[in-house]
$ cat entry-v2.pdb   # PDB, C-alpha atoms
ATOM      1  CA  MET A   1     103.743  99.083  90.348
ATOM      2  CA  LYS A   2     104.911  96.372  92.762
ATOM      3  CA  THR A   3     101.873  96.271  95.026
ATOM      4  CA  PHE A   4      98.228  97.209  94.620
ATOM      5  CA  ILE A   5      96.357  97.591  97.879
ATOM      6  CA  ASN A   6      95.239 101.197  98.271
ATOM      7  CA  VAL A   7      94.258 104.044  95.966
ATOM      8  CA  GLN A   8      97.678 105.669  96.381
ATOM      9  CA  ASP A   9      99.300 102.713  94.616
ATOM     10  CA  LEU A  10      97.546 103.693  91.385
ATOM     11  CA  GLY A  11      98.732 107.300  91.373
ATOM     12  CA  ASP A  12      96.867 109.937  89.357
ATOM     13  CA  LEU A  13      93.232 108.785  89.176
ATOM     14  CA  LYS A  14      92.418 110.809  86.071
ATOM     15  CA  LYS A  15      95.246 109.069  84.209
ATOM     16  CA  ALA A  16      94.056 105.702  85.525
ATOM     17  CA  LEU A  17      90.506 106.389  84.342
ATOM     18  CA  ALA A  18      91.789 107.422  80.918
ATOM     19  CA  GLU A  19      93.787 104.204  80.775
ATOM     20  CA  ALA A  20      90.675 102.239  81.729
ATOM     21  CA  ALA A  21      88.727 103.852  78.876
ATOM     22  CA  GLU A  22      91.557 103.041  76.460
ATOM     23  CA  ILE A  23      91.617  99.387  77.523
ATOM     24  CA  LYS A  24      87.839  99.107  77.399
ATOM     25  CA  ALA A  25      87.955 100.270  73.790
ATOM     26  CA  ASP A  26      90.594  97.655  72.921
ATOM     27  CA  ARG A  27      90.928  94.934  75.543
ATOM     28  CA  PHE A  28      93.734  93.114  73.720
ATOM     29  CA  LYS A  29      95.909  96.127  72.922
ATOM     30  CA  TYR A  30      98.562  95.180  75.481
ATOM     31  CA  GLN A  31      98.497  91.425  74.942
ATOM     32  CA  HIS A  32     102.247  91.435  74.293
ATOM     33  CA  LEU A  33     102.978  92.463  77.877
ATOM     34  CA  GLY A  34     101.837  89.161  79.362
ATOM     35  CA  ARG A  35     103.340  86.791  76.836
ATOM     36  CA  ASN A  36     105.189  83.989  78.697
ATOM     37  CA  LYS A  37     104.198  85.525  82.042
ATOM     38  CA  THR A  38     102.136  83.725  84.690
ATOM     39  CA  LEU A  39      99.578  85.071  87.150
ATOM     40  CA  LEU A  40      98.934  83.046  90.313
ATOM     41  CA  MET A  41      95.555  83.753  91.918
ATOM     42  CA  ILE A  42      95.282  82.479  95.504
ATOM     43  CA  PHE A  43      91.868  82.205  97.133
ATOM     44  CA  PHE A  44      91.430  81.693 100.849
ATOM     45  CA  ASN A  45      87.759  82.645 100.409
ATOM     46  CA  ASN A  46      84.956  82.250  97.887
ATOM     47  CA  SER A  47      84.775  84.343  94.740
ATOM     48  CA  LEU A  48      82.759  84.767  91.561
ATOM     49  CA  ARG A  49      83.340  88.215  89.993
ATOM     50  CA  THR A  50      86.894  88.587  91.279
ATOM     51  CA  ARG A  51      87.959  85.182  90.032
ATOM     52  CA  LEU A  52      86.349  85.485  86.611
ATOM     53  CA  SER A  53      87.157  89.136  85.924
ATOM     54  CA  THR A  54      90.790  88.939  87.013
ATOM     55  CA  GLN A  55      91.380  85.752  85.075
ATOM     56  CA  LYS A  56      89.762  87.283  81.986
ATOM     57  CA  ALA A  57      91.878  90.420  82.346
ATOM     58  CA  ALA A  58      95.033  88.313  82.562
ATOM     59  CA  ILE A  59      94.058  86.357  79.452
ATOM     60  CA  ASN A  60      93.370  89.626  77.606
ATOM     61  CA  LEU A  61      96.942  90.642  78.461
ATOM     62  CA  GLY A  62      98.347  87.368  77.122
ATOM     63  CA  MET A  63      99.136  85.808  80.495
ATOM     64  CA  ASN A  64      99.015  82.214  81.679
ATOM     65  CA  VAL A  65      96.858  81.837  84.797
ATOM     66  CA  ILE A  66      97.100  79.443  87.749
ATOM     67  CA  VAL A  67      94.236  79.432  90.256
ATOM     68  CA  LEU A  68      94.756  77.952  93.725
ATOM     69  CA  ASP A  69      91.793  77.468  96.019
ATOM     70  CA  VAL A  70      93.445  76.948  99.377
ATOM     71  CA  ASN A  71      90.360  75.288 100.847
ATOM     72  CA  ALA A  72      89.831  72.780  98.024
ATOM     73  CA  GLY A  73      92.680  70.404  97.275
ATOM     74  CA  ALA A  74      95.614  72.241  98.866
ATOM     75  CA  TRP A  75      97.250  71.576 102.212
ATOM     76  CA  LYS A  76      95.664  73.526 105.024
ATOM     77  CA  LEU A  77      97.899  76.514 105.680
ATOM     78  CA  GLU A  78      99.018  77.903 109.013
ATOM     79  CA  THR A  79      99.203  81.693 109.042
ATOM     80  CA  GLU A  80     100.405  82.363 112.600
ATOM     81  CA  ARG A  81     104.067  82.563 113.565
ATOM     82  CA  GLY A  82     105.516  80.719 116.571
ATOM     83  CA  VAL A  83     102.845  78.034 116.782
ATOM     84  CA  ILE A  84     103.285  74.303 117.347
ATOM     85  CA  MET A  85     101.723  72.779 114.257
ATOM     86  CA  ASN A  86     100.102  69.742 115.842
ATOM     87  CA  GLY A  87      96.624  70.417 114.486
ATOM     88  CA  ASP A  88      95.003  70.039 111.062
ATOM     89  CA  LYS A  89      97.285  72.542 109.268
ATOM     90  CA  SER A  90     100.110  70.741 107.487
ATOM     91  CA  GLU A  91     102.030  73.601 105.892
ATOM     92  CA  HIS A  92     103.052  77.074 106.979
ATOM     93  CA  LEU A  93     102.676  80.150 104.804
ATOM     94  CA  LEU A  94     106.358  80.911 105.407
ATOM     95  CA  GLU A  95     107.302  77.894 103.274
ATOM     96  CA  ALA A  96     104.277  77.918 100.981
ATOM     97  CA  ILE A  97     104.620  81.548  99.893
ATOM     98  CA  PRO A  98     108.158  81.398  98.428
ATOM     99  CA  VAL A  99     107.257  78.114  96.731
ATOM    100  CA  MET A 100     104.219  79.779  95.146
ATOM    101  CA  GLY A 101     106.378  82.715  94.100
ATOM    102  CA  SER A 102     108.751  80.409  92.249
ATOM    103  CA  TYR A 103     105.971  79.370  89.858
ATOM    104  CA  CYS A 104     104.711  82.783  88.749
ATOM    105  CA  ASP A 105     105.409  86.417  87.905
ATOM    106  CA  LEU A 106     102.482  88.134  89.660
ATOM    107  CA  ILE A 107     100.391  87.079  92.663
ATOM    108  CA  GLY A 108      96.807  88.012  93.536
ATOM    109  CA  VAL A 109      95.593  87.182  97.049
ATOM    110  CA  ARG A 110      92.037  86.958  98.379
ATOM    111  CA  ALA A 111      91.913  86.580 102.164
ATOM    112  CA  PHE A 112      88.983  87.954 104.159
ATOM    113  CA  ALA A 113      88.959  89.335 107.682
ATOM    114  CA  GLY A 114      88.348  86.827 110.460
ATOM    115  CA  LEU A 115      86.366  89.496 112.373
ATOM    116  CA  LYS A 116      87.655  88.187 115.711
ATOM    117  CA  ASP A 117      90.877  90.144 116.220
ATOM    118  CA  ARG A 118      90.829  93.711 114.903
ATOM    119  CA  ASP A 119      94.566  94.223 115.294
ATOM    120  CA  TYR A 120      95.311  91.025 113.349
ATOM    121  CA  ASP A 121      92.903  91.917 110.541
ATOM    122  CA  TYR A 122      93.863  95.570 110.217
ATOM    123  CA  ALA A 123      97.557  94.667 110.183
ATOM    124  CA  GLU A 124      96.782  92.740 106.957
ATOM    125  CA  THR A 125      98.726  89.811 108.405
ATOM    126  CA  VAL A 126      98.144  87.328 105.566
ATOM    127  CA  LEU A 127      98.501  89.760 102.646
ATOM    128  CA  ASN A 128     101.670  91.301 104.043
ATOM    129  CA  GLN A 129     103.310  87.901 104.363
ATOM    130  CA  PHE A 130     102.857  87.419 100.606
ATOM    131  CA  ILE A 131     104.345  90.846  99.946
ATOM    132  CA  LYS A 132     107.305  90.130 102.226
ATOM    133  CA  TYR A 133     108.156  86.541 101.305
ATOM    134  CA  SER A 134     106.982  85.850  97.731
ATOM    135  CA  GLY A 135     109.565  87.964  95.927
ATOM    136  CA  LYS A 136     106.886  88.888  93.362
ATOM    137  CA  PRO A 137     104.505  91.829  92.821
ATOM    138  CA  VAL A 138     101.337  91.268  94.858
ATOM    139  CA  PHE A 139      97.840  92.724  94.566
ATOM    140  CA  ALA A 140      94.764  92.388  96.765
ATOM    141  CA  MET A 141      91.744  90.549  95.368
ATOM    142  CA  GLU A 142      89.981  91.589  98.635
ATOM    143  CA  SER A 143      91.934  91.486 101.823
ATOM    144  CA  ALA A 144      90.990  91.836 105.463
ATOM    145  CA  THR A 145      90.470  95.583 105.134
ATOM    146  CA  VAL A 146      90.342  96.570 101.448
ATOM    147  CA  HIS A 147      88.986  95.583  98.031
ATOM    148  CA  PRO A 148      90.750  97.986  95.629
ATOM    149  CA  LEU A 149      89.831  96.185  92.392
ATOM    150  CA  GLN A 150      86.159  96.642  93.284
ATOM    151  CA  ALA A 151      86.568 100.286  94.272
ATOM    152  CA  PHE A 152      88.418 101.079  91.047
ATOM    153  CA  ALA A 153      85.633  99.436  89.031
ATOM    154  CA  ASP A 154      83.101 101.463  91.019
ATOM    155  CA  LEU A 155      84.934 104.671  90.168
ATOM    156  CA  ILE A 156      85.056 103.709  86.471
ATOM    157  CA  THR A 157      81.298 103.058  86.558
ATOM    158  CA  ILE A 158      80.524 106.405  88.192
ATOM    159  CA  GLU A 159      82.732 108.199  85.658
ATOM    160  CA  GLU A 160      80.836 106.522  82.803
ATOM    161  CA  HIS A 161      77.355 107.291  84.154
ATOM    162  CA  LYS A 162      77.633 110.641  85.926
ATOM    163  CA  LYS A 163      75.464 113.471  84.584
ATOM    164  CA  VAL A 164      76.996 116.308  86.601
ATOM    165  CA  GLN A 165      80.619 117.340  87.023
ATOM    166  CA  LYS A 166      80.676 116.644  90.767
ATOM    167  CA  PRO A 167      78.068 113.990  91.608
ATOM    168  CA  LYS A 168      76.820 113.359  95.116
ATOM    169  CA  VAL A 169      77.700 109.763  95.963
ATOM    170  CA  VAL A 170      76.170 108.124  99.033
ATOM    171  CA  LEU A 171      77.584 105.007 100.674
ATOM    172  CA  THR A 172      74.771 103.579 102.753
ATOM    173  CA  TRP A 173      74.839 100.774 105.298
ATOM    174  CA  ALA A 174      72.032  98.244 104.889
ATOM    175  CA  PRO A 175      70.962  95.255 107.018
ATOM    176  CA  HIS A 176      72.288  91.723 106.582
ATOM    177  CA  CYS A 177      71.820  88.358 108.248
ATOM    178  CA  ARG A 178      75.577  87.784 108.707
ATOM    179  CA  ALA A 179      78.486  89.788 110.062
ATOM    180  CA  LEU A 180      80.445  91.044 107.034
ATOM    181  CA  PRO A 181      83.924  92.619 106.783
ATOM    182  CA  GLN A 182      84.538  96.301 106.113
ATOM    183  CA  ALA A 183      86.811  95.765 103.074
ATOM    184  CA  VAL A 184      84.374  96.941 100.390
ATOM    185  CA  PRO A 185      83.076 100.036 102.228
ATOM    186  CA  ASN A 186      86.621 100.897 103.359
ATOM    187  CA  SER A 187      87.942 100.893  99.807
ATOM    188  CA  PHE A 188      84.871 102.572  98.340
ATOM    189  CA  ALA A 189      85.171 105.412 100.844
ATOM    190  CA  GLN A 190      88.916 105.701 100.302
ATOM    191  CA  TRP A 191      88.667 105.849  96.508
ATOM    192  CA  MET A 192      85.688 108.228  96.408
ATOM    193  CA  ASP A 193      87.416 110.526  98.889
ATOM    194  CA  ALA A 194      90.575 110.488  96.761
ATOM    195  CA  ALA A 195      88.645 111.471  93.631
ATOM    196  CA  GLU A 196      88.635 115.248  93.297
ATOM    197  CA  ASP A 197      85.214 115.560  91.688
ATOM    198  CA  ILE A 198      82.979 113.506  94.010
ATOM    199  CA  ASP A 199      80.865 114.705  96.946
ATOM    200  CA  LEU A 200      80.936 111.687  99.270
ATOM    201  CA  VAL A 201      78.395 111.110 102.036
ATOM    202  CA  ILE A 202      78.404 108.022 104.267
ATOM    203  CA  THR A 203      75.267 107.050 106.158
ATOM    204  CA  HIS A 204      74.920 104.307 108.754
ATOM    205  CA  PRO A 205      73.543 103.666 112.251
ATOM    206  CA  HIS A 206      75.558 104.755 115.259
ATOM    207  CA  GLY A 207      78.348 102.308 116.035
ATOM    208  CA  TYR A 208      79.190 101.538 112.406
ATOM    209  CA  GLU A 209      81.731 104.335 111.911
ATOM    210  CA  LEU A 210      84.435 103.247 109.467
ATOM    211  CA  ASP A 211      88.095 103.869 110.212
ATOM    212  CA  PRO A 212      88.899 107.556 109.495
ATOM    213  CA  ALA A 213      92.005 106.383 107.626
ATOM    214  CA  PHE A 214      89.598 105.301 104.867
ATOM    215  CA  THR A 215      86.777 107.845 105.100
ATOM    216  CA  GLY A 216      89.000 110.935 104.904
ATOM    217  CA  ASN A 217      86.916 114.047 104.296
ATOM    218  CA  ALA A 218      83.609 112.262 103.719
ATOM    219  CA  ARG A 219      80.531 113.672 105.423
ATOM    220  CA  ILE A 220      78.886 111.307 107.902
ATOM    221  CA  GLU A 221      75.092 111.399 108.138
ATOM    222  CA  TYR A 222      73.129 109.173 110.538
ATOM    223  CA  ASP A 223      69.768 109.992 108.932
ATOM    224  CA  GLN A 224      69.618 107.785 105.829
ATOM    225  CA  ARG A 225      66.754 109.640 104.182
ATOM    226  CA  LYS A 226      68.493 112.972 104.630
ATOM    227  CA  ALA A 227      71.653 111.508 103.106
ATOM    228  CA  PHE A 228      69.714 110.296 100.051
ATOM    229  CA  GLU A 229      68.306 113.737  99.233
ATOM    230  CA  GLY A 230      69.634 114.914  95.863
ATOM    231  CA  ALA A 231      72.078 112.011  95.524
ATOM    232  CA  ASP A 232      73.279 110.999  92.065
ATOM    233  CA  PHE A 233      74.561 107.555  93.091
ATOM    234  CA  ILE A 234      73.543 105.257  95.953
ATOM    235  CA  TYR A 235      76.058 102.565  96.889
ATOM    236  CA  ALA A 236      74.510 100.071  99.313
ATOM    237  CA  LYS A 237      76.619  97.729 101.406
ATOM    238  CA  ASN A 238      76.443  96.013 104.757
ATOM    239  CA  TRP A 239      79.379  95.865 107.142
ATOM    240  CA  SER A 240      79.813  94.693 110.705
ATOM    241  CA  CYS A 241      80.994  96.976 113.481
ATOM    242  CA  PRO A 242      84.490  98.264 112.612
ATOM    243  CA  GLY A 243      85.307  98.648 116.313
ATOM    244  CA  VAL A 244      86.786 102.129 115.918
ATOM    245  CA  ALA A 245      85.237 103.572 119.087
ATOM    246  CA  ASN A 246      84.695 100.275 120.904
ATOM    247  CA  PRO A 247      87.179  97.551 119.865
ATOM    248  CA  GLN A 248      85.261  94.968 121.906
ATOM    249  CA  ASP A 249      82.383  95.306 119.415
ATOM    250  CA  TYR A 250      84.572  94.613 116.366
ATOM    251  CA  GLY A 251      82.867  92.256 113.922
ATOM    252  CA  LYS A 252      79.520  92.325 115.729
ATOM    253  CA  ILE A 253      76.067  93.049 114.335
ATOM    254  CA  LEU A 254      74.818  96.057 116.299
ATOM    255  CA  CYS A 255      71.725  96.853 114.264
ATOM    256  CA  GLU A 256      69.121  94.774 112.424
ATOM    257  CA  ASP A 257      66.768  97.617 111.568
ATOM    258  CA  MET A 258      65.059  96.748 108.284
ATOM    259  CA  ASP A 259      64.196 100.408 107.800
ATOM    260  CA  TRP A 260      67.729 100.780 106.364
ATOM    261  CA  THR A 261      66.878  98.581 103.342
ATOM    262  CA  VAL A 262      67.133 100.573 100.095
ATOM    263  CA  ASP A 263      63.668 100.811  98.532
ATOM    264  CA  SER A 264      61.868 102.865  95.904
ATOM    265  CA  ALA A 265      60.612 105.442  98.398
ATOM    266  CA  LYS A 266      64.174 106.273  99.407
ATOM    267  CA  MET A 267      65.444 106.264  95.828
ATOM    268  CA  ALA A 268      62.686 108.789  95.039
ATOM    269  CA  LEU A 269      64.523 111.236  97.319
ATOM    270  CA  THR A 270      67.555 111.176  95.036
ATOM    271  CA  ASN A 271      68.334 113.123  91.880
ATOM    272  CA  HIS A 272      67.196 110.224  89.689
ATOM    273  CA  GLY A 273      70.034 108.387  91.436
ATOM    274  CA  LYS A 274      71.698 105.257  90.145
ATOM    275  CA  PHE A 275      71.829 102.208  92.417
ATOM    276  CA  MET A 276      75.126 100.380  92.929
ATOM    277  CA  HIS A 277      76.249  97.292  94.827
ATOM    278  CA  CYS A 278      79.353  95.120  94.556
ATOM    279  CA  LEU A 279      77.379  91.824  94.497
ATOM    280  CA  PRO A 280      76.455  89.258  95.662
ATOM    281  CA  VAL A 281      73.474  91.010  97.188
ATOM    282  CA  ARG A 282      70.798  89.741  99.569
ATOM    283  CA  ARG A 283      67.535  90.894  98.041
ATOM    284  CA  GLY A 284      64.956  92.034 100.561
ATOM    285  CA  LEU A 285      67.683  92.864 103.072
ATOM    286  CA  ILE A 286      70.084  95.187 101.276
ATOM    287  CA  VAL A 287      67.722  96.263  98.503
ATOM    288  CA  THR A 288      64.247  95.565  97.199
ATOM    289  CA  ASP A 289      63.636  93.746  93.910
ATOM    290  CA  GLU A 290      62.057  96.869  92.431
ATOM    291  CA  VAL A 291      65.205  98.933  92.931
ATOM    292  CA  ILE A 292      67.817  96.409  91.820
ATOM    293  CA  GLU A 293      65.795  95.491  88.719
ATOM    294  CA  SER A 294      65.070  99.095  87.742
ATOM    295  CA  GLU A 295      66.608 100.919  84.786
ATOM    296  CA  ASP A 296      68.628 102.938  87.298
ATOM    297  CA  SER A 297      70.430  99.863  88.629
ATOM    298  CA  LEU A 298      74.106  99.692  87.631
ATOM    299  CA  VAL A 299      75.025  96.417  89.329
ATOM    300  CA  ILE A 300      75.663  94.548  86.049
ATOM    301  CA  PRO A 301      77.783  97.182  84.232
ATOM    302  CA  GLU A 302      79.555  97.754  87.557
ATOM    303  CA  ALA A 303      80.443  94.052  87.736
ATOM    304  CA  ALA A 304      81.508  94.056  84.080
ATOM    305  CA  ASN A 305      83.947  96.872  84.844
ATOM    306  CA  ARG A 306      85.800  94.541  87.199
ATOM    307  CA  GLU A 307      87.510  93.168  84.083
ATOM    308  CA  ILE A 308      88.638  96.683  83.181
ATOM    309  CA  SER A 309      89.951  97.632  86.623
ATOM    310  CA  ALA A 310      91.885  94.359  86.797
ATOM    311  CA  SER A 311      93.279  94.929  83.314
ATOM    312  CA  VAL A 312      94.712  98.334  84.238
ATOM    313  CA  VAL A 313      96.274  96.977  87.421
ATOM    314  CA  LEU A 314      97.787  93.902  85.759
ATOM    315  CA  LYS A 315      99.060  95.998  82.852
ATOM    316  CA  ARG A 316     100.895  98.337  85.201
ATOM    317  CA  MET A 317     102.346  95.470  87.208
ATOM    318  CA  LEU A 318     103.576  93.757  84.049
ATOM    319  CA  GLU A 319     105.198  97.012  82.954
ATOM    320  CA  SER A 320     107.128  97.071  86.223
ATOM    321  CA  LEU A 321     108.697  93.618  85.750
TER     322      LEU A 321
END
$ encode --input "entry-v2.pdb" --output "structure tokens"
Amino acid sequence: MKTFINVQDLGDLKKALAEAAEIKADRFKYQHLGRNKTLLMIFFNNSLRTRLSTQKAAINLGMNVIVLDVNAGAWKLETERGVIMNGDKSEHLLEAIPVMGSYCDLIGVRAFAGLKDRDYDYAETVLNQFIKYSGKPVFAMESATVHPLQAFADLITIEEHKKVQKPKVVLTWAPHCRALPQAVPNSFAQWMDAAEDIDLVITHPHGYELDPAFTGNARIEYDQRKAFEGADFIYAKNWSCPGVANPQDYGKILCEDMDWTVDSAKMALTNHGKFMHCLPVRRGLIVTDEVIESEDSLVIPEAANREISASVVLKRMLESL
């Protein structure tokens, strides 16, 4: 596996889930694969779970790890082609990327959407430059449009906690005080749609329709309470306007309705549903304290599974070297 961006890169999901279970039972089983190999993790944006879980996964596999925070101690990097670099950016990605590639065997990149130019973001401009110019296998640690390591961990968590063969999984929009990218909901929808044994429903206000390239065959429901009825899993997440119908609204906050917050009354509509969120979460906006602290909250085991999803991905990339 030379790149890991979308669910298709992983292949058969049942095999991937079986591999995840195997690694979770023995996290150091494949330590020989990473011996004398180096992972370079490049962060253009903040991280907690992604940084820690991916680094831990690499260590489990016997790898050396280099972490570069582009915004703390590195030269400011220019990402646009054809510009006159007379501002505060001293180095261009076109030189920086092959230099980075010369120091490592695998590269993970975290670069969020700017939410100003939809075409630029959805072309995955930064991530694709690493794929093109590094000469090394590259995986997304959340890009402008996707967060596959998170979505894989979410799928692992659902597989571990489902009580019916084909659970109803609801991705619900919830309010937030800032405009957020669509990477997490895009990937969650894509991965749940790709899984054969999940009934996926997406609920959000009008204007927040995700790109159909990610939602696939998911059912869209604009009535949140109706969507929650009989659900086995509730995945809450905010995202800004994806600009599918109206590109001029891309990245904007179109709704601030606090009635979309996930609370106990809505969870009572579910089939004893489990609550999920990728974290960090804004309590009181996305979800109430009562829900996230309940015995049906999976946010901690979900976060712990980030180590497992990263382990499977890194293992497969090491096997391809």
$ resolve_selection --input "entry-v2.pdb" --expression "the PyMOL selection byres ((chain A and resi 167) around 9)" --output "PDB file with C-alpha atoms, in the coordinates of the input"
ATOM      1  CA  ILE A 158      80.524 106.405  88.192  1.00  0.00           C
ATOM      2  CA  LYS A 162      77.633 110.641  85.926  1.00  0.00           C
ATOM      3  CA  LYS A 163      75.464 113.471  84.584  1.00  0.00           C
ATOM      4  CA  VAL A 164      76.996 116.308  86.601  1.00  0.00           C
ATOM      5  CA  GLN A 165      80.619 117.340  87.023  1.00  0.00           C
ATOM      6  CA  LYS A 166      80.676 116.644  90.767  1.00  0.00           C
ATOM      7  CA  LYS A 168      76.820 113.359  95.116  1.00  0.00           C
ATOM      8  CA  VAL A 169      77.700 109.763  95.963  1.00  0.00           C
ATOM      9  CA  ASP A 197      85.214 115.560  91.688  1.00  0.00           C
ATOM     10  CA  ILE A 198      82.979 113.506  94.010  1.00  0.00           C
ATOM     11  CA  ASP A 199      80.865 114.705  96.946  1.00  0.00           C
ATOM     12  CA  LEU A 200      80.936 111.687  99.270  1.00  0.00           C
ATOM     13  CA  ALA A 231      72.078 112.011  95.524  1.00  0.00           C
ATOM     14  CA  ASP A 232      73.279 110.999  92.065  1.00  0.00           C
ATOM     15  CA  PHE A 233      74.561 107.555  93.091  1.00  0.00           C
TER      16      PHE A 233
END
$ residues_around --input "entry-v2.pdb" --residues "Leu254 in chain A" --least-positions-apart "2" --cutoff "9 Å" --atoms "all atoms listed in the file" --output "JSON, numbers by chain"
{"A": [205, 206, 207, 208, 240, 241, 249, 252, 256]}
$ atom_distance --input "entry-v2.pdb" --atom1 "CA of Trp260 in chain A" --atom2 "CA of Gln224 in chain A"
7.3 Å
$ residues_around --input "entry-v2.pdb" --residues "range 183-194 of chain A" --least-positions-apart "2" --cutoff "6 Å" --atoms "only C-alpha atoms" --output "list in words"
Val7, Thr145, Val146, His147, Pro148, Ala151, Pro181, Phe214 and Thr215 of chain A
$ atom_distance --input "entry-v2.pdb" --atom1 "CA of Lys24 in chain A" --atom2 "CA of Leu68 in chain A"
27.6 Å
$ resolve_selection --input "entry-v2.pdb" --expression "the PyMOL selection byres ((chain A and resi 301-305) around 12)" --output "number ranges by chain"
A: 17, 20-21, 23-24, 27, 48-54, 56-57, 149-161, 235, 274-280, 295-300, 306-312
$ resolve_selection --input "entry-v2.pdb" --expression "the PyMOL selection byres ((chain A and resi 179) around 6)" --output "ChimeraX atom specification"
/A:178,180,240,253
$ residues_around --input "entry-v2.pdb" --residues "Lys2 in chain A" --least-positions-apart "6" --cutoff "8 Å" --atoms "only C-alpha atoms" --output "JSON, numbers by chain"
{"A": [136, 137, 138, 317, 320]}
$ residues_around --input "entry-v2.pdb" --residues "Asp119 in chain A" --least-positions-apart "3" --cutoff "12 Å" --atoms "only C-alpha atoms" --output "mmCIF file with C-alpha atoms, in the coordinates of the input"
data_model
loop_
_atom_site.group_PDB
_atom_site.id
_atom_site.type_symbol
_atom_site.label_atom_id
_atom_site.label_comp_id
_atom_site.auth_asym_id
_atom_site.auth_seq_id
_atom_site.Cartn_x
_atom_site.Cartn_y
_atom_site.Cartn_z
ATOM 1 C CA ALA A 113 88.959 89.335 107.682
ATOM 2 C CA GLY A 114 88.348 86.827 110.460
ATOM 3 C CA LEU A 115 86.366 89.496 112.373
ATOM 4 C CA LYS A 116 87.655 88.187 115.711
ATOM 5 C CA TYR A 122 93.863 95.570 110.217
ATOM 6 C CA ALA A 123 97.557 94.667 110.183
ATOM 7 C CA GLU A 124 96.782 92.740 106.957
ATOM 8 C CA THR A 125 98.726 89.811 108.405
ATOM 9 C CA ALA A 144 90.990 91.836 105.463
ATOM 10 C CA THR A 145 90.470 95.583 105.134
ATOM 11 C CA PRO A 242 84.490 98.264 112.612
ATOM 12 C CA GLY A 243 85.307 98.648 116.313
ATOM 13 C CA VAL A 244 86.786 102.129 115.918
ATOM 14 C CA PRO A 247 87.179 97.551 119.865
ATOM 15 C CA GLN A 248 85.261 94.968 121.906
ATOM 16 C CA TYR A 250 84.572 94.613 116.366
ATOM 17 C CA GLY A 251 82.867 92.256 113.922
#
$ atom_distance --input "entry-v2.pdb" --atom1 "CA of Leu39 in chain A" --atom2 "CA of Gly11 in chain A"
22.6 Å
$ decode --input "entry-v2.pdb" --residues "range 135-145 of chain A" --atoms "N, CA, C and O atoms" --output "PDB file, in the first residue's frame"
ATOM      1  N   GLY A 135       8.673  10.791  -3.110  1.00  0.00           N
ATOM      2  CA  GLY A 135       9.278   9.517  -3.466  1.00  0.00           C
ATOM      3  C   GLY A 135       9.065   8.437  -2.409  1.00  0.00           C
ATOM      4  O   GLY A 135       9.674   7.368  -2.475  1.00  0.00           O
ATOM      5  N   LYS A 136       8.178   8.692  -1.439  1.00  0.00           N
ATOM      6  CA  LYS A 136       7.926   7.742  -0.362  1.00  0.00           C
ATOM      7  C   LYS A 136       6.420   7.502  -0.208  1.00  0.00           C
ATOM      8  O   LYS A 136       5.604   8.349  -0.584  1.00  0.00           O
ATOM      9  N   PRO A 137       6.032   6.361   0.358  1.00  0.00           N
ATOM     10  CA  PRO A 137       4.610   6.134   0.653  1.00  0.00           C
ATOM     11  C   PRO A 137       4.080   7.214   1.598  1.00  0.00           C
ATOM     12  O   PRO A 137       4.757   7.600   2.558  1.00  0.00           O
ATOM     13  N   VAL A 138       2.875   7.690   1.313  1.00  0.00           N
ATOM     14  CA  VAL A 138       2.299   8.812   2.062  1.00  0.00           C
ATOM     15  C   VAL A 138       0.903   8.443   2.545  1.00  0.00           C
ATOM     16  O   VAL A 138       0.112   7.855   1.796  1.00  0.00           O
ATOM     17  N   PHE A 139       0.598   8.799   3.793  1.00  0.00           N
ATOM     18  CA  PHE A 139      -0.763   8.601   4.302  1.00  0.00           C
ATOM     19  C   PHE A 139      -1.270   9.881   4.946  1.00  0.00           C
ATOM     20  O   PHE A 139      -0.491  10.702   5.430  1.00  0.00           O
ATOM     21  N   ALA A 140      -2.595  10.043   4.930  1.00  0.00           N
ATOM     22  CA  ALA A 140      -3.235  11.235   5.470  1.00  0.00           C
ATOM     23  C   ALA A 140      -3.476  11.080   6.965  1.00  0.00           C
ATOM     24  O   ALA A 140      -4.084  10.109   7.405  1.00  0.00           O
ATOM     25  N   MET A 141      -3.011  12.060   7.733  1.00  0.00           N
ATOM     26  CA  MET A 141      -3.302  12.128   9.165  1.00  0.00           C
ATOM     27  C   MET A 141      -4.364  13.221   9.409  1.00  0.00           C
ATOM     28  O   MET A 141      -4.366  13.869  10.456  1.00  0.00           O
ATOM     29  N   GLU A 142      -5.236  13.395   8.492  1.00  0.00           N
ATOM     30  CA  GLU A 142      -6.314  14.357   8.260  1.00  0.00           C
ATOM     31  C   GLU A 142      -5.817  15.373   7.251  1.00  0.00           C
ATOM     32  O   GLU A 142      -4.868  16.121   7.487  1.00  0.00           O
ATOM     33  N   SER A 143      -6.521  15.358   6.141  1.00  0.00           N
ATOM     34  CA  SER A 143      -6.211  16.271   5.049  1.00  0.00           C
ATOM     35  C   SER A 143      -7.335  17.281   4.910  1.00  0.00           C
ATOM     36  O   SER A 143      -8.194  17.400   5.787  1.00  0.00           O
ATOM     37  N   ALA A 144      -7.333  17.989   3.803  1.00  0.00           N
ATOM     38  CA  ALA A 144      -8.376  18.991   3.573  1.00  0.00           C
ATOM     39  C   ALA A 144      -9.765  18.375   3.500  1.00  0.00           C
ATOM     40  O   ALA A 144     -10.746  19.004   3.916  1.00  0.00           O
ATOM     41  N   THR A 145      -9.854  17.145   3.006  1.00  0.00           N
ATOM     42  CA  THR A 145     -11.184  16.557   2.796  1.00  0.00           C
ATOM     43  C   THR A 145     -11.422  15.228   3.499  1.00  0.00           C
ATOM     44  O   THR A 145     -12.574  14.779   3.561  1.00  0.00           O
TER      45      THR A 145
END
